>>> print(open('entry-v6.csv').read())   # CSV, C-alpha atoms and all ligand atoms
chain,number,residue,atom,x,y,z
A,1159,MET,CA,0.0,0.0,0.0
A,1160,GLU,CA,1.3,3.4,-0.9
A,1161,LEU,CA,1.5,5.9,2.0
A,1162,VAL,CA,-0.1,9.2,1.2
A,1163,THR,CA,0.9,12.4,2.9
A,1164,GLY,CA,-2.0,14.2,4.5
A,1165,GLU,CA,-3.9,11.1,5.7
A,1166,LEU,CA,-3.7,10.1,9.3
A,1167,ASN,CA,-1.5,7.2,8.6
A,1168,MET,CA,1.1,7.0,11.3
A,1169,HIS,CA,1.3,6.8,15.0
A,1170,SER,CA,3.3,9.1,17.3
A,1171,VAL,CA,3.9,9.3,21.0
A,1172,VAL,CA,2.9,12.8,21.9
A,1173,ILE,CA,3.2,14.8,25.1
A,1174,GLU,CA,0.1,17.0,24.7
A,1175,GLN,CA,1.0,19.0,27.7
A,1176,PRO,CA,2.9,18.3,30.9
A,1177,GLY,CA,1.6,15.0,32.4
A,1178,GLU,CA,-0.4,14.0,29.3
A,1179,LEU,CA,1.0,11.3,27.1
A,1180,VAL,CA,-1.0,10.0,24.1
A,1181,ILE,CA,-0.4,7.8,21.1
A,1182,GLN,CA,-1.9,9.8,18.3
A,1183,GLN,CA,-2.6,9.2,14.7
A,1184,ARG,CA,-0.9,11.8,12.6
A,1185,ALA,CA,-0.3,12.7,9.0
A,1186,LEU,CA,2.9,11.4,7.5
A,1187,PRO,CA,5.4,14.3,7.6
A,1188,HIS,CA,6.9,15.6,4.4
A,1189,PRO,CA,10.7,16.0,4.4
A,1190,ALA,CA,11.8,19.6,3.7
A,1191,ALA,CA,14.2,20.2,0.8
A,1192,ASP,CA,17.3,19.4,2.9
A,1193,GLU,CA,15.7,16.6,5.0
A,1194,VAL,CA,15.2,12.9,5.0
A,1195,ARG,CA,12.2,11.0,6.4
A,1196,VAL,CA,13.0,7.9,8.4
A,1197,LYS,CA,10.8,4.9,9.1
A,1198,VAL,CA,11.8,4.6,12.7
A,1199,LYS,CA,12.7,1.1,13.9
A,1200,PHE,CA,14.0,1.6,17.5
A,1201,ALA,CA,14.1,4.5,19.9
A,1202,GLY,CA,15.6,4.7,23.3
A,1203,ILE,CA,14.0,6.3,26.4
A,1204,CYS,CA,16.1,8.9,28.1
A,1205,GLY,CA,15.7,10.8,31.4
A,1206,SER,CA,15.0,14.0,29.3
A,1207,ASP,CA,12.0,12.3,27.7
A,1208,VAL,CA,10.6,11.7,31.2
A,1209,HIS,CA,11.4,15.4,32.1
A,1210,ILE,CA,9.4,16.6,29.1
A,1211,TYR,CA,6.6,14.3,30.0
A,1212,HIS,CA,6.4,15.8,33.5
A,1213,GLY,CA,7.0,19.4,32.4
A,1214,HIS,CA,10.4,19.6,33.9
A,1215,ASN,CA,12.4,20.6,30.7
A,1216,PRO,CA,12.6,24.4,30.4
A,1217,PHE,CA,13.3,24.1,26.6
A,1218,ALA,CA,10.3,21.9,25.7
A,1219,ARG,CA,7.2,23.3,23.9
A,1220,TYR,CA,4.0,21.3,23.7
A,1221,PRO,CA,2.5,19.4,22.1
A,1222,ARG,CA,5.7,17.5,21.4
A,1223,VAL,CA,6.6,14.1,19.8
A,1224,ILE,CA,9.5,13.1,22.2
A,1225,GLY,CA,12.5,10.9,21.5
A,1226,HIS,CA,16.0,11.9,20.5
A,1227,GLU,CA,17.8,8.5,20.4
A,1228,PHE,CA,16.6,6.7,17.3
A,1229,PHE,CA,17.4,4.6,14.4
A,1230,GLY,CA,15.5,3.8,11.2
A,1231,VAL,CA,15.6,3.5,7.4
A,1232,ILE,CA,15.3,6.5,5.0
A,1233,ASP,CA,12.0,6.1,3.1
A,1234,ALA,CA,11.7,9.6,1.5
A,1235,VAL,CA,14.1,12.5,0.7
A,1236,GLY,CA,13.7,16.2,0.2
A,1237,SER,CA,14.3,17.8,-3.2
A,1238,GLU,CA,18.0,18.7,-2.4
A,1239,VAL,CA,18.8,15.2,-1.1
A,1240,SER,CA,20.1,12.4,-3.4
A,1241,ASP,CA,17.7,9.6,-4.1
A,1242,ARG,CA,20.6,7.2,-3.5
A,1243,ARG,CA,20.0,7.7,0.2
A,1244,LEU,CA,16.6,5.9,0.0
A,1245,GLY,CA,16.8,2.6,1.9
A,1246,GLU,CA,19.8,3.7,3.9
A,1247,ARG,CA,20.0,2.5,7.6
A,1248,VAL,CA,20.6,5.6,9.7
A,1249,SER,CA,21.0,6.9,13.2
A,1250,ILE,CA,19.8,10.5,13.7
A,1251,ASP,CA,21.9,13.1,15.5
A,1252,PRO,CA,19.4,15.2,17.4
A,1253,VAL,CA,21.6,18.3,17.4
A,1254,VAL,CA,20.3,20.7,14.7
A,1255,SER,CA,22.5,23.7,14.3
A,1256,CYS,CA,22.8,26.8,12.1
A,1257,GLY,CA,26.3,26.2,10.8
A,1258,HIS,CA,27.5,29.8,10.9
A,1259,CYS,CA,27.2,31.3,14.4
A,1260,TYR,CA,30.3,31.6,16.6
A,1261,PRO,CA,30.0,28.2,18.3
A,1262,CYS,CA,29.2,26.5,15.0
A,1263,SER,CA,32.2,28.2,13.4
A,1264,VAL,CA,34.5,26.7,16.0
A,1265,GLY,CA,33.1,23.2,15.8
A,1266,ARG,CA,30.7,23.4,18.7
A,1267,PRO,CA,27.3,23.0,17.0
A,1268,ASN,CA,25.9,21.4,20.2
A,1269,VAL,CA,25.8,24.9,21.7
A,1270,CYS,CA,24.7,26.7,18.5
A,1271,THR,CA,23.1,30.0,19.3
A,1272,SER,CA,19.9,28.8,17.6
A,1273,LEU,CA,20.2,25.2,18.7
A,1274,GLN,CA,17.2,22.9,18.0
A,1275,VAL,CA,17.2,19.5,19.6
A,1276,ILE,CA,15.1,16.9,17.8
A,1277,GLY,CA,12.6,15.5,20.3
A,1278,VAL,CA,12.8,18.6,22.5
A,1279,HIS,CA,12.5,21.8,20.4
A,1280,ARG,CA,11.0,19.9,17.4
A,1281,ASP,CA,9.2,16.7,16.9
A,1282,GLY,CA,11.3,13.6,17.6
A,1283,GLY,CA,11.7,9.9,17.1
A,1284,PHE,CA,8.9,8.2,19.1
A,1285,SER,CA,6.9,7.9,16.0
A,1286,ASP,CA,6.5,5.6,13.0
A,1287,TYR,CA,8.1,8.2,10.8
A,1288,ALA,CA,10.3,11.3,11.6
A,1289,CYS,CA,12.0,13.9,9.5
A,1290,ALA,CA,15.5,15.3,10.1
A,1291,PRO,CA,18.1,17.2,8.2
A,1292,ALA,CA,19.9,14.9,5.8
A,1293,ARG,CA,23.3,15.7,7.3
A,1294,ASN,CA,22.0,14.6,10.7
A,1295,ALA,CA,21.3,11.1,9.4
A,1296,TYR,CA,24.4,9.0,9.8
A,1297,PRO,CA,24.7,5.7,7.8
A,1298,ILE,CA,25.0,2.6,10.0
A,1299,PRO,CA,27.2,-0.3,8.7
A,1300,ASP,CA,25.5,-3.7,8.3
A,1301,ASP,CA,27.4,-5.2,11.1
A,1302,ILE,CA,25.8,-2.9,13.7
A,1303,SER,CA,22.3,-4.2,14.6
A,1304,ASP,CA,19.1,-2.0,14.6
A,1305,ARG,CA,19.0,-2.1,18.4
A,1306,HIS,CA,22.5,-1.1,18.9
A,1307,ALA,CA,22.2,1.7,16.3
A,1308,ALA,CA,19.6,3.3,18.5
A,1309,MET,CA,22.3,3.5,21.2
A,1310,VAL,CA,24.7,5.6,19.2
A,1311,GLU,CA,23.3,8.9,20.6
A,1312,PRO,CA,23.8,8.1,24.3
A,1313,PHE,CA,27.4,7.1,23.7
A,1314,THR,CA,28.0,10.4,21.9
A,1315,ILE,CA,27.4,12.1,25.2
A,1316,ALA,CA,30.4,10.1,26.6
A,1317,ALA,CA,32.4,10.7,23.5
A,1318,ASN,CA,31.8,14.4,23.9
A,1319,ILE,CA,32.8,14.7,27.5
A,1320,THR,CA,35.8,12.5,27.1
A,1321,ALA,CA,37.0,14.6,24.1
A,1322,HIS,CA,37.2,17.5,26.6
A,1323,LEU,CA,38.9,15.5,29.3
A,1324,GLN,CA,41.5,13.7,27.1
A,1325,PRO,CA,41.8,10.5,29.2
A,1326,CYS,CA,45.1,8.6,29.3
A,1327,GLU,CA,46.0,5.2,30.4
A,1328,GLN,CA,47.6,6.3,33.7
A,1329,ASP,CA,44.6,8.2,34.8
A,1330,VAL,CA,42.8,7.3,38.0
A,1331,ALA,CA,39.2,8.0,37.0
A,1332,LEU,CA,36.3,8.5,39.3
A,1333,ILE,CA,32.7,8.5,37.9
A,1334,TYR,CA,29.8,9.7,40.0
A,1335,GLY,CA,26.6,7.9,39.0
A,1336,ALA,CA,26.1,4.5,37.4
A,1337,GLY,CA,23.0,5.3,35.4
A,1338,PRO,CA,23.0,5.1,31.6
A,1339,MET,CA,25.3,8.1,31.3
A,1340,GLY,CA,27.8,6.8,33.9
A,1341,LEU,CA,27.9,3.4,32.2
A,1342,THR,CA,28.6,4.9,28.7
A,1343,VAL,CA,31.4,6.9,30.3
A,1344,ILE,CA,32.9,3.8,32.0
A,1345,GLN,CA,32.8,1.8,28.7
A,1346,THR,CA,34.4,4.7,26.8
A,1347,LEU,CA,37.2,5.2,29.4
A,1348,LYS,CA,38.0,1.4,29.5
A,1349,GLY,CA,37.3,0.3,25.9
A,1350,VAL,CA,38.4,3.4,23.9
A,1351,TYR,CA,41.0,5.1,26.2
A,1352,ASN,CA,42.3,2.0,28.1
A,1353,VAL,CA,42.2,3.9,31.4
A,1354,ARG,CA,43.7,1.5,33.9
A,1355,GLN,CA,41.7,2.4,37.0
A,1356,VAL,CA,38.1,3.4,36.8
A,1357,MET,CA,36.2,3.9,40.1
A,1358,VAL,CA,32.4,4.4,40.3
A,1359,VAL,CA,30.3,5.8,43.1
A,1360,ASP,CA,26.5,5.4,43.3
A,1361,ARG,CA,23.8,4.8,45.9
A,1362,ILE,CA,22.1,1.8,44.3
A,1363,ALA,CA,23.8,-1.6,44.7
A,1364,GLU,CA,22.3,-3.1,41.5
A,1365,ARG,CA,23.6,-0.1,39.5
A,1366,LEU,CA,27.1,-0.5,41.0
A,1367,ALA,CA,26.9,-4.2,39.9
A,1368,MET,CA,26.1,-3.0,36.4
A,1369,ALA,CA,29.0,-0.6,36.6
A,1370,GLN,CA,31.3,-3.6,37.2
A,1371,GLU,CA,29.7,-5.5,34.3
A,1372,ASN,CA,30.5,-2.4,32.2
A,1373,GLY,CA,34.1,-2.4,33.2
A,1374,ALA,CA,34.5,-0.5,36.5
A,1375,ASP,CA,37.5,-1.7,38.5
A,1376,TRP,CA,36.2,-0.5,41.9
A,1377,VAL,CA,32.8,0.6,43.0
A,1378,PHE,CA,31.6,2.4,46.1
A,1379,ASP,CA,28.2,2.9,47.7
A,1380,ASN,CA,28.2,6.4,49.3
A,1381,THR,CA,24.7,6.0,50.8
A,1382,GLN,CA,26.1,5.6,54.3
A,1383,ALA,CA,29.9,5.7,53.9
A,1384,SER,CA,32.1,8.7,53.0
A,1385,LEU,CA,33.8,8.5,49.7
A,1386,ALA,CA,36.4,11.0,50.8
A,1387,GLU,CA,37.4,8.8,53.7
A,1388,ALA,CA,37.5,5.6,51.6
A,1389,LEU,CA,39.8,7.3,49.1
A,1390,ALA,CA,42.0,8.8,51.8
A,1391,LYS,CA,42.4,5.5,53.5
A,1392,ARG,CA,43.6,4.0,50.2
A,1393,GLY,CA,45.8,7.0,49.4
A,1394,ILE,CA,43.8,7.5,46.1
A,1395,ARG,CA,43.5,11.0,44.4
A,1396,PRO,CA,41.5,10.8,41.2
A,1397,THR,CA,43.2,12.5,38.2
A,1398,LEU,CA,40.0,12.5,36.1
A,1399,ILE,CA,36.5,12.9,37.5
A,1400,VAL,CA,33.2,12.8,35.7
A,1401,ASP,CA,30.0,13.8,37.3
A,1402,ALA,CA,27.3,11.7,35.7
A,1403,ALA,CA,25.0,11.9,38.7
A,1404,CYS,CA,24.6,15.7,38.4
A,1405,HIS,CA,23.7,16.6,41.9
A,1406,PRO,CA,24.8,20.1,42.7
A,1407,GLY,CA,26.7,18.9,45.8
A,1408,ILE,CA,29.0,16.8,43.7
A,1409,LEU,CA,31.3,19.4,42.1
A,1410,PRO,CA,32.5,20.8,45.4
A,1411,GLU,CA,33.3,17.3,46.6
A,1412,ALA,CA,35.0,16.4,43.3
A,1413,ILE,CA,37.2,19.5,43.6
A,1414,GLN,CA,38.2,18.5,47.1
A,1415,LEU,CA,39.0,14.9,46.1
A,1416,ALA,CA,40.9,15.7,42.9
A,1417,SER,CA,44.6,15.2,42.5
A,1418,PRO,CA,46.6,18.4,41.5
A,1419,ALA,CA,46.4,18.8,37.7
A,1420,ALA,CA,43.2,16.7,37.6
A,1421,ARG,CA,40.4,17.3,35.0
A,1422,ILE,CA,36.8,17.3,36.0
A,1423,GLY,CA,33.8,17.0,33.7
A,1424,ILE,CA,30.3,18.0,34.5
A,1425,MET,CA,27.1,17.6,32.5
A,1426,GLY,CA,24.2,18.5,34.9
A,1427,PHE,CA,21.5,21.1,34.3
A,1428,SER,CA,20.5,21.9,37.9
A,1429,SER,CA,19.9,25.6,38.5
A,1430,ASP,CA,20.6,25.1,42.2
A,1431,PRO,CA,23.7,27.0,43.3
A,1432,CYS,CA,26.7,25.3,44.9
A,1433,THR,CA,29.6,26.8,46.8
A,1434,LEU,CA,33.1,26.7,45.4
A,1435,SER,CA,36.3,28.5,46.3
A,1436,GLN,CA,38.9,29.8,43.9
A,1437,GLN,CA,41.6,28.5,46.2
A,1438,ALA,CA,40.4,24.9,46.0
A,1439,ILE,CA,40.5,25.0,42.2
A,1440,THR,CA,43.6,27.2,41.5
A,1441,SER,CA,45.9,25.7,44.1
A,1442,LYS,CA,45.7,22.4,42.3
A,1443,GLU,CA,45.4,24.1,38.9
A,1444,LEU,CA,42.3,21.9,38.1
A,1445,SER,CA,40.6,22.0,34.8
A,1446,ILE,CA,36.8,21.9,34.8
A,1447,PHE,CA,34.9,21.1,31.6
A,1448,SER,CA,31.2,21.1,30.9
A,1449,SER,CA,29.7,19.0,28.1
A,1450,ARG,CA,26.3,19.3,26.5
A,1451,LEU,CA,24.9,16.8,24.0
A,1452,ASN,CA,27.5,16.1,21.2
A,1453,SER,CA,29.4,18.0,18.6
A,1454,ALA,CA,29.3,15.8,15.5
A,1455,ARG,CA,30.5,12.7,17.3
A,1456,PHE,CA,28.3,10.1,15.6
A,1457,PRO,CA,31.0,8.9,13.2
A,1458,GLN,CA,33.4,8.3,16.1
A,1459,VAL,CA,30.9,6.3,18.1
A,1460,ILE,CA,29.7,4.3,15.1
A,1461,ASP,CA,33.4,3.4,14.5
A,1462,TRP,CA,33.8,2.4,18.2
A,1463,MET,CA,30.7,0.2,17.9
A,1464,ARG,CA,31.9,-1.4,14.7
A,1465,ASN,CA,35.3,-2.1,16.3
A,1466,ARG,CA,33.7,-3.6,19.4
A,1467,LYS,CA,35.4,-1.0,21.7
A,1468,ILE,CA,32.0,-0.4,23.3
A,1469,ASP,CA,29.1,-2.8,23.8
A,1470,PRO,CA,25.7,-1.2,23.8
A,1471,GLU,CA,24.0,-4.5,24.7
A,1472,LYS,CA,25.3,-4.2,28.3
A,1473,LEU,CA,23.1,-1.2,28.8
A,1474,ILE,CA,19.8,-2.4,27.3
A,1475,THR,CA,17.7,-4.0,30.0
A,1476,HIS,CA,14.2,-3.7,28.4
A,1477,GLN,CA,12.5,-3.6,25.1
A,1478,PHE,CA,8.8,-2.8,24.5
A,1479,ALA,CA,6.5,-2.3,21.5
A,1480,TYR,CA,5.8,1.5,21.2
A,1481,THR,CA,2.1,0.7,22.0
A,1482,GLN,CA,3.4,-0.1,25.6
A,1483,VAL,CA,5.1,3.3,25.9
A,1484,VAL,CA,3.3,4.2,29.2
A,1485,ASP,CA,4.5,0.9,30.8
A,1486,ALA,CA,8.0,1.5,29.3
A,1487,MET,CA,8.2,5.0,30.7
A,1488,ASN,CA,7.0,3.8,34.1
A,1489,VAL,CA,9.6,1.0,34.3
A,1490,PHE,CA,12.3,3.4,33.2
A,1491,GLU,CA,11.4,6.0,35.8
A,1492,LYS,CA,10.5,3.8,38.8
A,1493,ASP,CA,12.7,0.8,38.7
A,1494,GLN,CA,16.3,2.2,38.8
A,1495,GLN,CA,17.4,-1.1,40.4
A,1496,GLN,CA,16.6,-3.3,37.4
A,1497,CYS,CA,16.3,-0.9,34.6
A,1498,CYS,CA,18.9,1.0,32.6
A,1499,LYS,CA,18.2,1.5,28.9
A,1500,VAL,CA,14.7,0.9,27.5
A,1501,LEU,CA,14.1,0.6,23.8
A,1502,LEU,CA,10.8,1.1,22.0
A,1503,GLN,CA,10.2,-0.8,18.8
A,1504,PHE,CA,8.2,0.9,16.1
B,1,LIG,P1,20.2,8.5,36.2
B,1,LIG,O1,19.3,9.3,37.0
B,1,LIG,O2,19.6,7.2,35.6
B,1,LIG,O3,21.5,8.2,36.9
B,1,LIG,C1,22.1,9.0,37.9
B,1,LIG,C2,22.7,8.1,38.9
B,1,LIG,O4,23.4,8.9,39.9
B,1,LIG,C3,21.7,7.2,39.7
B,1,LIG,O5,22.1,5.9,39.6
B,1,LIG,C4,21.8,7.8,41.2
B,1,LIG,O6,21.7,6.8,42.1
B,1,LIG,C5,23.2,8.4,41.2
B,1,LIG,N1,23.5,9.4,42.1
B,1,LIG,C6,22.7,10.5,42.4
B,1,LIG,N2,23.2,11.3,43.3
B,1,LIG,C7,24.4,10.7,43.7
B,1,LIG,C8,25.4,11.1,44.6
B,1,LIG,N3,25.4,12.2,45.3
B,1,LIG,N4,26.5,10.3,44.7
B,1,LIG,C9,26.6,9.1,43.9
B,1,LIG,N5,25.6,8.8,43.0
B,1,LIG,C10,24.6,9.5,42.9
B,1,LIG,O7,20.6,9.5,35.0
B,1,LIG,P2,21.4,9.3,33.6
B,1,LIG,O8,20.4,9.1,32.5
B,1,LIG,O9,22.5,8.4,33.8
B,1,LIG,O10,21.9,10.8,33.4
B,1,LIG,C11,22.8,11.3,34.4
B,1,LIG,C12,22.7,12.8,34.4
B,1,LIG,O11,23.3,13.3,33.2
B,1,LIG,C13,21.3,13.5,34.4
B,1,LIG,O12,21.4,14.5,35.4
B,1,LIG,C14,21.1,14.1,33.1
B,1,LIG,O13,20.4,15.2,33.1
B,1,LIG,C15,22.5,14.3,32.6
B,1,LIG,N6,22.7,14.3,31.2
B,1,LIG,C16,23.4,15.3,30.6
B,1,LIG,C17,23.6,15.3,29.3
B,1,LIG,C18,24.5,16.3,28.7
B,1,LIG,O14,24.7,16.3,27.5
B,1,LIG,N7,25.1,17.2,29.4
B,1,LIG,C19,23.1,14.3,28.4
B,1,LIG,C20,22.4,13.2,29.1
B,1,LIG,C21,22.2,13.3,30.5
B,2,MN,MN,19.5,11.0,25.8
B,3,ZN,ZN,25.0,27.9,15.0
>>> encode(input="entry-v6.csv", output="structure tokens")
Amino acid sequence: MELVTGELNMHSVVIEQPGELVIQQRALPHPAADEVRVKVKFAGICGSDVHIYHGHNPFARYPRVIGHEFFGVIDAVGSEVSDRRLGERVSIDPVVSCGHCYPCSVGRPNVCTSLQVIGVHRDGGFSDYACAPARNAYPIPDDISDRHAAMVEPFTIAANITAHLQPCEQDVALIYGAGPMGLTVIQTLKGVYNVRQVMVVDRIAERLAMAQENGADWVFDNTQASLAEALAKRGIRPTLIVDAACHPGILPEAIQLASPAARIGIMGFSSDPCTLSQQAITSKELSIFSSRLNSARFPQVIDWMRNRKIDPEKLITHQFAYTQVVDAMNVFEKDQQQCCKVLLQF
């Protein structure tokens, strides 16, 4: 059967307004001149999808088709895009940038002054079909499965923050948080950068077990015990720290624990203040980097996947049909013990 634009012939997961999620029949979207349309196969649920659902994302506008981690097959192209791309298996980079502002001109499209994130500022991948700029659709080699191709985007977050931090083998790394983001960072530090010692701190035992399965050399539960004391007792001063838990109290602690000349990476969006002193930072000449989304790091991550330097399967704990999206979002949100990455199949 031929699909006709204008008829209500696809299903999308729509957040109508904060708190109201519906599966809606929508008209098939038309790719703009420089866009491709993708028949979505798999899409991953991320914390930010839940935030948009609950109205906790300051950038989101409603109604919104959520989803920014997705894979599919190109089924239509705009007038400026080559027909040869039809049928291509692609993962979509959600970062849509202008290409000419200051950050774009210095290779930082992820903080473009007119940044649009697919699934946040514009409609996303929790849909039978989605449109995206052709240059955001990265070809996936045949030896990467459909499921794993949906995991490229979360690993680009780790690729981006580690590009700032420049890990080396002799680093003693400390990662706060063993959620999906912490686990992608662990895998990247171990599998790509061969960092010898990776320590992970979290408050959930099951997540710390996952951290070990993903390559952590040492894990620590800081629910009751003090990380500072445990490290001091062992004479350990981390040389590279990543905050993938993003509580505002963590940066001051990281600054205190860090070795002189250490690098610290943060990726949180909390607007709560925290207290830092110049002395604590400058006396050790610490470097503090922030990292947002990714700056054109899809090819790098696709290469890592193809060369088996990272293993997305280790993060995927659940898969649901998109019709079960409410259950899927619930499991993702409520069961942090058992649940890491949840994929929706379209
Ligand atoms: P998550 O909520 O699944 O994982 C966070 C983990 O940190 C949890 O396991 C929690 O138990 C642990 N945690 C919380 N406070 C802690 C503390 N004080 N000490 C030790 N562990 C603690 O979240 P996910 O998906 O892994 O993302 C992590 C953070 O990264 C989120 O805040 C998210 O907003 C942020 N993020 C930032 C991105 C960026 O581009 N800058 C992209 C994606 C996520
Ligand atoms: Mn995400
Ligand atoms: Zn720009």
>>> closest_residue(input="entry-v6.csv", among="A:Asn1465, A:Leu1244, A:Glu1364, A:Lys1499", to="ligand MN 2 (chain B)", atoms="all atoms listed in the file")
A:Lys1499
>>> closest_residue(input="entry-v6.csv", among="A:Gly1335, A:Gly1265, A:Gly1277, A:Gly1177", to="Asn1452 of chain A", atoms="only C-alpha atoms")
A:Gly1265
>>> closest_residue(input="entry-v6.csv", among="A:Ile1344, A:Ala1367, A:Cys1259, A:Val1198", to="ligand ZN 3 (chain B)", atoms="all atoms listed in the file")
A:Cys1259
>>> atom_distance(input="entry-v6.csv", atom1="atom CA of Asp1430 of chain A", atom2="atom N2 of ligand LIG 1 (chain B)")
14.1 Å
>>> closest_residue(input="entry-v6.csv", among="A:Phe1447, A:Phe1313, A:Tyr1296, A:Phe1478", to="ligand MN 2 (chain B)", atoms="all atoms listed in the file")
A:Phe1313
>>> closest_residue(input="entry-v6.csv", among="A:Asn1294, A:Gln1274, A:Ser1240, A:Ser1285", to="Tyr1480 of chain A", atoms="all atoms listed in the file")
A:Ser1285
>>> residues_around(input="entry-v6.csv", residues="Val1330 of chain A", least_positions_apart="3", cutoff="10 Å", atoms="all atoms listed in the file", output="ChimeraX atom specification")
/A:1325-1327,1353-1357,1394-1399,1416-1417,1420
>>> atom_distance(input="entry-v6.csv", atom1="atom CA of Glu1411 of chain A", atom2="atom CA of Arg1392 of chain A")
17.2 Å
